Amino acid sequence: MKQFALLLERLAFTPRRLGKIRHLVDYFAATPDPTRGLALAALTGDLDLRRVSPSLLRGLVGERVDPELFRLSYDFVGDLAETIALIWDGPEQGADPPLPVVIKTLRETPKTDLPRLISGQLDELGPSERYAFLKLATGGMRVGVSARMARMAVAEYGDLDVTGIEEVWHGLEPPFTELFAWAEGRPRPEAAAHAPFRPVMLSTATDFEALESLDPALFAAEWKWDGIRVQATNDRGIRRLYSRTGEEISNAFPDIIEALNFEGTIDGELLVRRDDRVAPFGDLQKRLGRKTVSAKMRASHPAALRAYDLLVHGSEDLRQLPFERRRKALENLVREIDEPRIDISTLLPFATWEDLAALRADPPDAVVEGVMIKRLDSPYLAGRMKGPWFKWKRDPMLIDAVLLYAQRGHGKRSGYYSDFTFGVWDGDQLVPVGKAYFGFTDAELRELDRFVRNNTTDRFGPVRAVAPAKVVEVAFEGLNRSTRHKSGVAMRFPRISRIRDDKPAAEADTLSNLREFLPKE
Amino acid sequence: MDSAADILTNTPEGLYCPAGGFHIDPVRPVPKALITHGHADHARAGHGAVLATAQTLDIMAIRYGEDFTGSRQIADGATTVGDTRVTFHPAGHVLGSAQIAVEQGGRRAVVSGDYSRVPSPACAPYEPVPCEIFVTEATFGLPVFRHPDPMKEISKLLVSVQSFPERCHLVGVYALGKAQRVIMLLRLAGWDGPIYIHGALARLCEYHVSQGVALGDLRAATVERGGKADFAGAIILGPPSAFASTWAQRFPDPVICFASGWMQVRARARQRGVELPLIISDHVDWPDLTRTIAELDPEETWVTHGREDAVIRWCEMNGRAARPLRLVGYEDEVES
Ligand SMILES: [Zn+2]
Ligand SMILES: [Zn+2]
């Protein structure tokens with residue numbers, strides 16, 4: 001437990017990504033199984049523990065500490081687990097129970113005994129371990145390490161390719177013993193690779209001027225639908241639906257899972273579709289993040305998959321084939337599947353970029369975000385590279401940004417954090433690029449407000465800094481150069497057009513993406 | 001005059017003693033000031049006359065120049081000031097620091113200034129002085145503040161120096177007290193090598209040495225003679241204000257450390273971009289603060305600069321009369 005607590009401290013205070021990865025690598029090298037794998041699971045969010053609620057913790061501390069003194073302390077410290085770890089009258093040099101034992105106890109203790117267990121642990125542990133223990137118990141380490149970064153550290157430790165790890169990740173379970181064995185030179189855990197997630201190919205933004213230098217005959221185009229990019233796979237009967245970051249979302253979409261009557265892996269857009277009508281993104285959002293789905297919800301918000309690409313067919317990996325050939329195979333497969341919940345994304349007819357611009361300006365459906373442009377000869381490659389695939393979004397200009405600060409609103413919003421500052425990536429830093437205080441629905445406002453309250457990392461007077469974990473889509477009408485802003489750009493009329501809970505912060509847009517919206521000089 | 005509470009009153013300049021005609025640690029120029037210690041928010045230049053310990057007077061002269069006051073008087077034994085009898089007692093905070101006891105009509109008020117009950121080799125240990133009125137600081141007056149053993153904190157620094165031999169460690173310290181404390185802790189932990197210091201720390205370090213506080217091999221943190229690589233593996237001390245300046249850019253990939261009681265709170269450390277927080281304080285933490293009040297058992301406790309509300313609340317819970325002074329001008333972030 002002491003080493004784990006120390007790791008959390010180091011990760012929390014090490015500002016740079018590379019530094020964090022180095023601390024993780026050192027920890028993996030120095031720590032035996034199963035401890036290191038459990039620590040990894042804690043960081044990637046794969047430790048399936050019952051979450052101890054903040055109110056339970058408040059109750060416990062209320063038995064030991066005067067509520068007024070606690071309130072003053074919490075106000076000052078700003079984080080519940082940290083306040084309790086500091087204020088708890090435990091030893092300065094505490095016990096060092098093995099991490100696996102701590103986790104096993106947390107997992108196996110019946111709910112009614114949890115308060116006693118937690119008090120007992122806090123009485124034995126030193127301050128840094130109390131903090132680590134409370135973070136384990138409440139879930140959410142908040143040390144600035146994403147699941148992907150943790151997997152990159154395993155890759156670094158074993159000198160492996162991170163995409164290789166991501167392919168087997170979903171077949172593995174804590175404490176990831178086979179993964180570390182692989183990292184230490186033993187064979188790759190193939191059994192884990194059933195129905196794996198295959199890293200998704202992404203596009204870069206483009207515009208008319210950039211396209212003009214390209215030959216339209218070399219490209220295919222299709223609508224970019226405003227749903228969620230997913231990967232649907234059936235590997236010898238194992239069916240899974242993944243988000244584009246590789247999170248498994250099968251449970252929320254049993255209707256899709258049931259329709260996967262094929263062998264292979266399809267890349268497509270998850271939508272809510274009623275007959276031929278694609279519903280707005282908000283409808284899809286209602287189905288996200290559920291452990292189970294009611295029959296009523298399935299009927300009122302029926303999910304559908306619109307297929308873009310075919311990665312694997314039967315036992316054959318098609319990813320190295322050109323897009324054109326994968327597309328033919330996809331057309332055949334979708335016809336064979338013959339499921340009403342699965343259809344194919346149509347290719348757009350165009351001879352010139354002007355043709356495509358005309359289509360883009362007047363799409364047949366409001367749920368179209370723009371067009372996707374793909375080189376006919378492009379293999380399916382992991383990640384985002386400039387060249388083979390482009391997205392040409394509809395106006396208004398849209399970027400995905402990360403919430404950084406929030407301030408309370410006025411008037412009828414005075415109780416809510418409703419003025420938001422958001423930022424985009426510049427290297428590994430987030431730079432603020434604008435402020436927005438409208439565009440969201442009342443329900444979205446409540447969600448944002450709750451996020452701000454639960455994720456405050458700092459306070460400056462009325463302003464709260466929040467953990468960089470919430471991605472919002474910002475729509476704006478234009479972008480100008482500005483010397484008054486650190487980012488060098490100023491947005492015109494920015495508003496939050498929707499919340500992107502499907503997108504991790506690391507995949508928000510970059511400052512150079514944003515700069516592409518600048519008028520050409 | 002029979003109430004101890006009449007010995008001192010609260011004025012915009014700070015605490016004032018009407019019978020003695022003097023202020024204690026005033027925040028604005030006054031005719032006569034008694035100064036507890038040399039930190040900038042307690043010891044200011046421009047008073048008509050100053051009464052303080054010899055070391056505090058020396059420190060004020062180093063910081064502000066010899067003409068920092070009209071006249072000065074060394075506190076040595078009991079001094080009669082107006083109708084009061086004044087004595088200075090060790091506060092255990094920094095070199096020269098003192099608590100000031102003011103007696104009048106058989107009653108006594110003690111102004112602690114800043115104080116610490118963890119012994120520091122740079123100054124005499126805190127001395128409990130029985131009193132009717134105790135004026136306590138409250139810099140770390142919240143139950144979340146329990147300072148760990150400073151040796152444990154310094155060993156964190158040494159472990160980090162070992163783990164990152166190619167980097168240097170840039171430790172933020174305040175010039176009076178914390179700089180010398182960190183140096184002495186390093187020496188105690190067995191670090192005999194050179195310690196590099198920013199120019200702003202030099203004179204006060206020299207003064208400590210002249211007062212018999214051994215600091216070992218100190219060198220100027222300048223790169224004029226060599227390159228960046230000379231500082232790989234080095235420990236460099238500087239005032240936090242210098243970290244944002246070009247001075248800090250001359251060192252190889254520095255690990256930013258900061259030695260302060262504030263480092264107990266993560267958000268505070270992150271806000272300053274600190275990579276290695278070192279919880280080293282020269283103030284009382286919550287257990288020592290409350291223990292001191294309980295031991296002295298004064299008729300009244302007055303609470304000043306810091307988290308007054310929590311200390312007042314503790315006094316209330318323990319049936320002790322207490323009131324907040326709400327003095328302005330003492331800085332939270334400075335020299336803690
Ligand atoms: Zn002080
Ligand atoms: Zn002070």
# chains A, B, ... in the order shown; residues from 1 in each chain; ligands from 1
call {"tool": "residues_near_ligand", "arguments": {"ligand": "ligand 1", "cutoff": "10 Å", "atoms": "only C-alpha atoms and all ligand atoms", "output": "PDB file with all heavy atoms, in the first residue's frame"}}
result
ATOM      1  N   THR B  36       8.364  41.183  16.896  1.00  0.00           N
ATOM      2  CA  THR B  36       8.591  39.796  17.338  1.00  0.00           C
ATOM      3  C   THR B  36       9.696  39.121  16.541  1.00  0.00           C
ATOM      4  O   THR B  36      10.499  38.381  17.102  1.00  0.00           O
ATOM      5  CB  THR B  36       7.306  38.946  17.189  1.00  0.00           C
ATOM      6  OG1 THR B  36       6.897  38.951  15.816  1.00  0.00           O
ATOM      7  CG2 THR B  36       6.189  39.464  18.076  1.00  0.00           C
ATOM      8  N   HIS B  37       9.715  39.336  15.207  1.00  0.00           N
ATOM      9  CA  HIS B  37      10.738  38.661  14.402  1.00  0.00           C
ATOM     10  C   HIS B  37      10.854  39.320  13.035  1.00  0.00           C
ATOM     11  O   HIS B  37      10.031  40.152  12.669  1.00  0.00           O
ATOM     12  CB  HIS B  37      10.440  37.168  14.279  1.00  0.00           C
ATOM     13  CG  HIS B  37       9.226  36.832  13.467  1.00  0.00           C
ATOM     14  ND1 HIS B  37       7.948  37.067  13.902  1.00  0.00           N
ATOM     15  CD2 HIS B  37       9.112  36.264  12.232  1.00  0.00           C
ATOM     16  CE1 HIS B  37       7.085  36.654  12.977  1.00  0.00           C
ATOM     17  NE2 HIS B  37       7.766  36.166  11.956  1.00  0.00           N
ATOM     18  N   GLY B  38      11.871  38.894  12.295  1.00  0.00           N
ATOM     19  CA  GLY B  38      12.277  39.632  11.101  1.00  0.00           C
ATOM     20  C   GLY B  38      11.506  39.368   9.829  1.00  0.00           C
ATOM     21  O   GLY B  38      11.843  39.917   8.783  1.00  0.00           O
ATOM     22  N   HIS B  39      10.473  38.509   9.819  1.00  0.00           N
ATOM     23  CA  HIS B  39       9.713  38.310   8.589  1.00  0.00           C
ATOM     24  C   HIS B  39       9.038  39.601   8.143  1.00  0.00           C
ATOM     25  O   HIS B  39       8.562  40.369   8.978  1.00  0.00           O
ATOM     26  CB  HIS B  39       8.662  37.207   8.784  1.00  0.00           C
ATOM     27  CG  HIS B  39       9.238  35.835   8.586  1.00  0.00           C
ATOM     28  ND1 HIS B  39       8.750  34.739   9.236  1.00  0.00           N
ATOM     29  CD2 HIS B  39      10.266  35.401   7.815  1.00  0.00           C
ATOM     30  CE1 HIS B  39       9.451  33.671   8.862  1.00  0.00           C
ATOM     31  NE2 HIS B  39      10.377  34.052   8.012  1.00  0.00           N
ATOM     32  N   ALA B  40       8.983  39.769   6.823  1.00  0.00           N
ATOM     33  CA  ALA B  40       8.625  41.068   6.279  1.00  0.00           C
ATOM     34  C   ALA B  40       7.242  41.557   6.686  1.00  0.00           C
ATOM     35  O   ALA B  40       7.004  42.759   6.796  1.00  0.00           O
ATOM     36  CB  ALA B  40       8.733  41.025   4.763  1.00  0.00           C
ATOM     37  N   ASP B  41       6.312  40.652   6.929  1.00  0.00           N
ATOM     38  CA  ASP B  41       4.973  41.128   7.287  1.00  0.00           C
ATOM     39  C   ASP B  41       4.881  41.507   8.770  1.00  0.00           C
ATOM     40  O   ASP B  41       3.919  42.144   9.186  1.00  0.00           O
ATOM     41  CB  ASP B  41       3.887  40.106   6.912  1.00  0.00           C
ATOM     42  CG  ASP B  41       4.158  38.720   7.440  1.00  0.00           C
ATOM     43  OD1 ASP B  41       5.337  38.374   7.663  1.00  0.00           O
ATOM     44  OD2 ASP B  41       3.188  37.968   7.630  1.00  0.00           O
ATOM     45  N   HIS B  42       5.857  41.135   9.554  1.00  0.00           N
ATOM     46  CA  HIS B  42       5.868  41.514  10.968  1.00  0.00           C
ATOM     47  C   HIS B  42       6.830  42.682  11.216  1.00  0.00           C
ATOM     48  O   HIS B  42       6.576  43.518  12.071  1.00  0.00           O
ATOM     49  CB  HIS B  42       6.289  40.320  11.832  1.00  0.00           C
ATOM     50  CG  HIS B  42       5.282  39.217  11.835  1.00  0.00           C
ATOM     51  ND1 HIS B  42       4.405  39.016  12.876  1.00  0.00           N
ATOM     52  CD2 HIS B  42       4.971  38.278  10.920  1.00  0.00           C
ATOM     53  CE1 HIS B  42       3.617  37.989  12.600  1.00  0.00           C
ATOM     54  NE2 HIS B  42       3.941  37.519  11.409  1.00  0.00           N
ATOM     55  N   ALA B  43       7.931  42.681  10.495  1.00  0.00           N
ATOM     56  CA  ALA B  43       8.979  43.688  10.701  1.00  0.00           C
ATOM     57  C   ALA B  43       9.024  44.601   9.492  1.00  0.00           C
ATOM     58  O   ALA B  43       9.453  44.192   8.421  1.00  0.00           O
ATOM     59  CB  ALA B  43      10.332  42.988  10.888  1.00  0.00           C
ATOM     60  N   HIS B  93      10.619  30.092  16.145  1.00  0.00           N
ATOM     61  CA  HIS B  93      10.134  30.245  14.761  1.00  0.00           C
ATOM     62  C   HIS B  93      11.304  30.419  13.784  1.00  0.00           C
ATOM     63  O   HIS B  93      11.519  29.564  12.925  1.00  0.00           O
ATOM     64  CB  HIS B  93       9.173  31.436  14.748  1.00  0.00           C
ATOM     65  CG  HIS B  93       8.680  31.872  13.409  1.00  0.00           C
ATOM     66  ND1 HIS B  93       8.073  31.021  12.520  1.00  0.00           N
ATOM     67  CD2 HIS B  93       8.681  33.104  12.811  1.00  0.00           C
ATOM     68  CE1 HIS B  93       7.729  31.695  11.431  1.00  0.00           C
ATOM     69  NE2 HIS B  93       8.089  32.957  11.581  1.00  0.00           N
ATOM     70  N   VAL B  94      12.041  31.511  13.926  1.00  0.00           N
ATOM     71  CA  VAL B  94      13.238  31.735  13.106  1.00  0.00           C
ATOM     72  C   VAL B  94      14.291  32.397  13.992  1.00  0.00           C
ATOM     73  O   VAL B  94      13.982  32.801  15.118  1.00  0.00           O
ATOM     74  CB  VAL B  94      12.957  32.660  11.883  1.00  0.00           C
ATOM     75  CG1 VAL B  94      12.015  31.989  10.908  1.00  0.00           C
ATOM     76  CG2 VAL B  94      12.417  34.016  12.323  1.00  0.00           C
ATOM     77  N   SER B  97      13.625  35.141  16.687  1.00  0.00           N
ATOM     78  CA  SER B  97      12.183  35.314  16.920  1.00  0.00           C
ATOM     79  C   SER B  97      11.842  35.267  18.410  1.00  0.00           C
ATOM     80  O   SER B  97      12.455  34.530  19.166  1.00  0.00           O
ATOM     81  CB  SER B  97      11.384  34.248  16.167  1.00  0.00           C
ATOM     82  OG  SER B  97      11.659  32.976  16.710  1.00  0.00           O
ATOM     83  N   GLY B 113       3.592  36.307  18.173  1.00  0.00           N
ATOM     84  CA  GLY B 113       4.182  36.448  16.836  1.00  0.00           C
ATOM     85  C   GLY B 113       3.931  35.143  16.113  1.00  0.00           C
ATOM     86  O   GLY B 113       2.889  34.512  16.286  1.00  0.00           O
ATOM     87  N   ASP B 114       4.879  34.701  15.283  1.00  0.00           N
ATOM     88  CA  ASP B 114       4.789  33.351  14.730  1.00  0.00           C
ATOM     89  C   ASP B 114       5.599  32.447  15.649  1.00  0.00           C
ATOM     90  O   ASP B 114       6.625  32.861  16.173  1.00  0.00           O
ATOM     91  CB  ASP B 114       5.377  33.320  13.316  1.00  0.00           C
ATOM     92  CG  ASP B 114       4.551  34.133  12.334  1.00  0.00           C
ATOM     93  OD1 ASP B 114       3.342  34.331  12.596  1.00  0.00           O
ATOM     94  OD2 ASP B 114       5.124  34.583  11.313  1.00  0.00           O
ATOM     95  N   TYR B 115       5.141  31.232  15.838  1.00  0.00           N
ATOM     96  CA  TYR B 115       5.896  30.336  16.721  1.00  0.00           C
ATOM     97  C   TYR B 115       5.797  28.896  16.262  1.00  0.00           C
ATOM     98  O   TYR B 115       4.901  28.525  15.496  1.00  0.00           O
ATOM     99  CB  TYR B 115       5.460  30.480  18.181  1.00  0.00           C
ATOM    100  CG  TYR B 115       4.021  30.072  18.495  1.00  0.00           C
ATOM    101  CD1 TYR B 115       3.760  28.915  19.240  1.00  0.00           C
ATOM    102  CD2 TYR B 115       2.942  30.845  18.073  1.00  0.00           C
ATOM    103  CE1 TYR B 115       2.455  28.554  19.559  1.00  0.00           C
ATOM    104  CE2 TYR B 115       1.635  30.481  18.383  1.00  0.00           C
ATOM    105  CZ  TYR B 115       1.395  29.336  19.123  1.00  0.00           C
ATOM    106  OH  TYR B 115       0.112  28.975  19.421  1.00  0.00           O
ATOM    107  N   SER B 116       6.757  28.097  16.716  1.00  0.00           N
ATOM    108  CA  SER B 116       6.770  26.684  16.372  1.00  0.00           C
ATOM    109  C   SER B 116       7.251  25.910  17.586  1.00  0.00           C
ATOM    110  O   SER B 116       8.081  26.393  18.344  1.00  0.00           O
ATOM    111  CB  SER B 116       7.724  26.436  15.204  1.00  0.00           C
ATOM    112  OG  SER B 116       7.932  25.049  15.056  1.00  0.00           O
ATOM    113  N   GLU B 137      -0.960  33.168  16.614  1.00  0.00           N
ATOM    114  CA  GLU B 137      -1.105  33.143  15.157  1.00  0.00           C
ATOM    115  C   GLU B 137      -1.985  31.941  14.789  1.00  0.00           C
ATOM    116  O   GLU B 137      -2.223  31.063  15.622  1.00  0.00           O
ATOM    117  CB  GLU B 137       0.259  32.985  14.487  1.00  0.00           C
ATOM    118  CG  GLU B 137       0.952  31.680  14.890  1.00  0.00           C
ATOM    119  CD  GLU B 137       1.736  31.040  13.763  1.00  0.00           C
ATOM    120  OE1 GLU B 137       1.259  31.095  12.612  1.00  0.00           O
ATOM    121  OE2 GLU B 137       2.802  30.479  14.035  1.00  0.00           O
ATOM    122  N   THR B 139      -1.738  30.593  11.284  1.00  0.00           N
ATOM    123  CA  THR B 139      -1.382  30.317   9.888  1.00  0.00           C
ATOM    124  C   THR B 139      -1.850  28.925   9.457  1.00  0.00           C
ATOM    125  O   THR B 139      -2.438  28.746   8.398  1.00  0.00           O
ATOM    126  CB  THR B 139       0.147  30.433   9.710  1.00  0.00           C
ATOM    127  OG1 THR B 139       0.554  31.689  10.231  1.00  0.00           O
ATOM    128  CG2 THR B 139       0.539  30.329   8.246  1.00  0.00           C
ATOM    129  N   LEU B 176      14.516  34.031   4.980  1.00  0.00           N
ATOM    130  CA  LEU B 176      14.791  34.030   6.415  1.00  0.00           C
ATOM    131  C   LEU B 176      14.135  32.808   7.052  1.00  0.00           C
ATOM    132  O   LEU B 176      12.918  32.699   7.087  1.00  0.00           O
ATOM    133  CB  LEU B 176      14.243  35.309   7.069  1.00  0.00           C
ATOM    134  CG  LEU B 176      14.256  35.317   8.607  1.00  0.00           C
ATOM    135  CD1 LEU B 176      15.660  35.127   9.150  1.00  0.00           C
ATOM    136  CD2 LEU B 176      13.640  36.597   9.164  1.00  0.00           C
ATOM    137  N   GLY B 177      14.951  31.922   7.529  1.00  0.00           N
ATOM    138  CA  GLY B 177      14.420  30.793   8.300  1.00  0.00           C
ATOM    139  C   GLY B 177      14.341  29.530   7.479  1.00  0.00           C
ATOM    140  O   GLY B 177      15.061  28.573   7.725  1.00  0.00           O
ATOM    141  N   ASP B 282       7.728  26.356   9.669  1.00  0.00           N
ATOM    142  CA  ASP B 282       8.256  26.905  10.913  1.00  0.00           C
ATOM    143  C   ASP B 282       7.144  27.533  11.760  1.00  0.00           C
ATOM    144  O   ASP B 282       7.383  28.418  12.555  1.00  0.00           O
ATOM    145  CB  ASP B 282       9.430  27.863  10.665  1.00  0.00           C
ATOM    146  CG  ASP B 282       9.194  28.784   9.488  1.00  0.00           C
ATOM    147  OD1 ASP B 282       8.018  29.067   9.194  1.00  0.00           O
ATOM    148  OD2 ASP B 282      10.181  29.232   8.872  1.00  0.00           O
ATOM    149  N   HIS B 283       5.946  27.043  11.557  1.00  0.00           N
ATOM    150  CA  HIS B 283       4.804  27.472  12.371  1.00  0.00           C
ATOM    151  C   HIS B 283       4.250  26.277  13.141  1.00  0.00           C
ATOM    152  O   HIS B 283       4.500  25.132  12.781  1.00  0.00           O
ATOM    153  CB  HIS B 283       3.683  28.003  11.479  1.00  0.00           C
ATOM    154  CG  HIS B 283       4.028  29.258  10.755  1.00  0.00           C
ATOM    155  ND1 HIS B 283       3.581  30.489  11.141  1.00  0.00           N
ATOM    156  CD2 HIS B 283       4.793  29.471   9.661  1.00  0.00           C
ATOM    157  CE1 HIS B 283       4.041  31.406  10.316  1.00  0.00           C
ATOM    158  NE2 HIS B 283       4.781  30.813   9.399  1.00  0.00           N
ATOM    159  N   TYR B 330      -1.099  40.945   7.401  1.00  0.00           N
ATOM    160  CA  TYR B 330      -0.201  39.815   7.561  1.00  0.00           C
ATOM    161  C   TYR B 330      -0.497  38.843   6.451  1.00  0.00           C
ATOM    162  O   TYR B 330      -1.651  38.484   6.208  1.00  0.00           O
ATOM    163  CB  TYR B 330      -0.388  39.156   8.930  1.00  0.00           C
ATOM    164  CG  TYR B 330      -0.045  40.097  10.044  1.00  0.00           C
ATOM    165  CD1 TYR B 330      -1.028  40.866  10.652  1.00  0.00           C
ATOM    166  CD2 TYR B 330       1.276  40.253  10.438  1.00  0.00           C
ATOM    167  CE1 TYR B 330      -0.707  41.765  11.648  1.00  0.00           C
ATOM    168  CE2 TYR B 330       1.604  41.149  11.444  1.00  0.00           C
ATOM    169  CZ  TYR B 330       0.605  41.914  12.040  1.00  0.00           C
ATOM    170  OH  TYR B 330       0.926  42.804  13.011  1.00  0.00           O
ATOM    171  N   GLU B 331       0.530  38.433   5.776  1.00  0.00           N
ATOM    172  CA  GLU B 331       0.294  37.682   4.555  1.00  0.00           C
ATOM    173  C   GLU B 331       0.322  36.195   4.813  1.00  0.00           C
ATOM    174  O   GLU B 331       1.143  35.682   5.539  1.00  0.00           O
ATOM    175  CB  GLU B 331       1.327  38.073   3.505  1.00  0.00           C
ATOM    176  CG  GLU B 331       1.067  39.466   2.980  1.00  0.00           C
ATOM    177  CD  GLU B 331       2.319  40.090   2.425  1.00  0.00           C
ATOM    178  OE1 GLU B 331       2.900  39.512   1.508  1.00  0.00           O
ATOM    179  OE2 GLU B 331       2.715  41.154   2.931  1.00  0.00           O
ATOM    180  N   VAL B 334       3.232  34.326   2.513  1.00  0.00           N
ATOM    181  CA  VAL B 334       4.630  34.709   2.663  1.00  0.00           C
ATOM    182  C   VAL B 334       5.253  33.989   3.846  1.00  0.00           C
ATOM    183  O   VAL B 334       4.676  33.930   4.918  1.00  0.00           O
ATOM    184  CB  VAL B 334       4.738  36.233   2.845  1.00  0.00           C
ATOM    185  CG1 VAL B 334       6.178  36.640   3.098  1.00  0.00           C
ATOM    186  CG2 VAL B 334       4.202  36.937   1.629  1.00  0.00           C
ATOM    187  N   GLU B 335       6.405  33.429   3.641  1.00  0.00           N
ATOM    188  CA  GLU B 335       7.264  32.926   4.697  1.00  0.00           C
ATOM    189  C   GLU B 335       6.537  31.999   5.660  1.00  0.00           C
ATOM    190  O   GLU B 335       6.559  32.172   6.843  1.00  0.00           O
ATOM    191  CB  GLU B 335       7.895  34.104   5.451  1.00  0.00           C
ATOM    192  CG  GLU B 335       8.229  35.226   4.471  1.00  0.00           C
ATOM    193  CD  GLU B 335       9.334  36.129   4.899  1.00  0.00           C
ATOM    194  OE1 GLU B 335      10.442  35.633   4.985  1.00  0.00           O
ATOM    195  OE2 GLU B 335       9.080  37.328   5.136  1.00  0.00           O
ATOM    196  N   SER B 336       5.877  31.033   5.090  1.00  0.00           N
ATOM    197  CA  SER B 336       5.218  30.043   5.920  1.00  0.00           C
ATOM    198  C   SER B 336       5.912  28.705   5.794  1.00  0.00           C
ATOM    199  O   SER B 336       5.371  27.717   6.107  1.00  0.00           O
ATOM    200  CB  SER B 336       3.761  29.919   5.515  1.00  0.00           C
ATOM    201  OG  SER B 336       3.140  31.155   5.658  1.00  0.00           O
TER     202      SER B 336
END
call {"tool": "interface_residues", "arguments": {"of": "chain B", "to": "chain A", "cutoff": "9 Å", "atoms": "only C-alpha atoms", "output": "count of residues only"}}
result
27
call {"tool": "select_by_dssp", "arguments": {"residues": "range 99-176 of chain B", "states": "strand (DSSP E or B)", "output": "ChimeraX atom specification"}}
result
/B:99-104,107-111,133-138,169-172
call {"tool": "residues_around", "arguments": {"residues": "His47 in chain B", "least_positions_apart": "6", "cutoff": "12 Å", "atoms": "only C-alpha atoms", "output": "list in words"}}
result
Glu13, Phe22, His23, Ile24, Asp25, Pro26, Val27, Arg28, Pro29, Val30, Pro31, Lys32, Ala33, Leu34, Ile35, Met60, Tyr64, Asp67, Phe68, Thr69, Gly70, Ser71 and Arg72 of chain B
call {"tool": "residues_around", "arguments": {"residues": "Phe438 in chain A", "least_positions_apart": "4", "cutoff": "9 Å", "atoms": "only C-alpha atoms", "output": "list in words"}}
result
Ser418, Asp419, Leu445, Pro494, Arg495, Ile496 and Ser497 of chain A
call {"tool": "atom_distance", "arguments": {"atom1": "CA of Lys296 in chain A", "atom2": "CA of Arg240 in chain A"}}
result
22.5 Å
call {"tool": "select_by_dssp", "arguments": {"residues": "range 47-286 of chain A", "states": "helix (DSSP H, G or I)", "output": "PyMOL selection string"}}
result
chain A and resi 54-64+67-77+80-87+99-108+111-124+127-138+147-158+162-169+177-183+190-193+208-212+216-218+250-252+254-259+281-285
call {"tool": "atom_distance", "arguments": {"atom1": "CA of Asp285 in chain B", "atom2": "CA of Lys156 in chain B"}}
result
20.4 Å
call {"tool": "residues_around", "arguments": {"residues": "Ser55 in chain A", "least_positions_apart": "4", "cutoff": "12 Å", "atoms": "only C-alpha atoms", "output": "VMD selection string"}}
result
chain A and resid 51 59 to 62 80 to 81 115 138
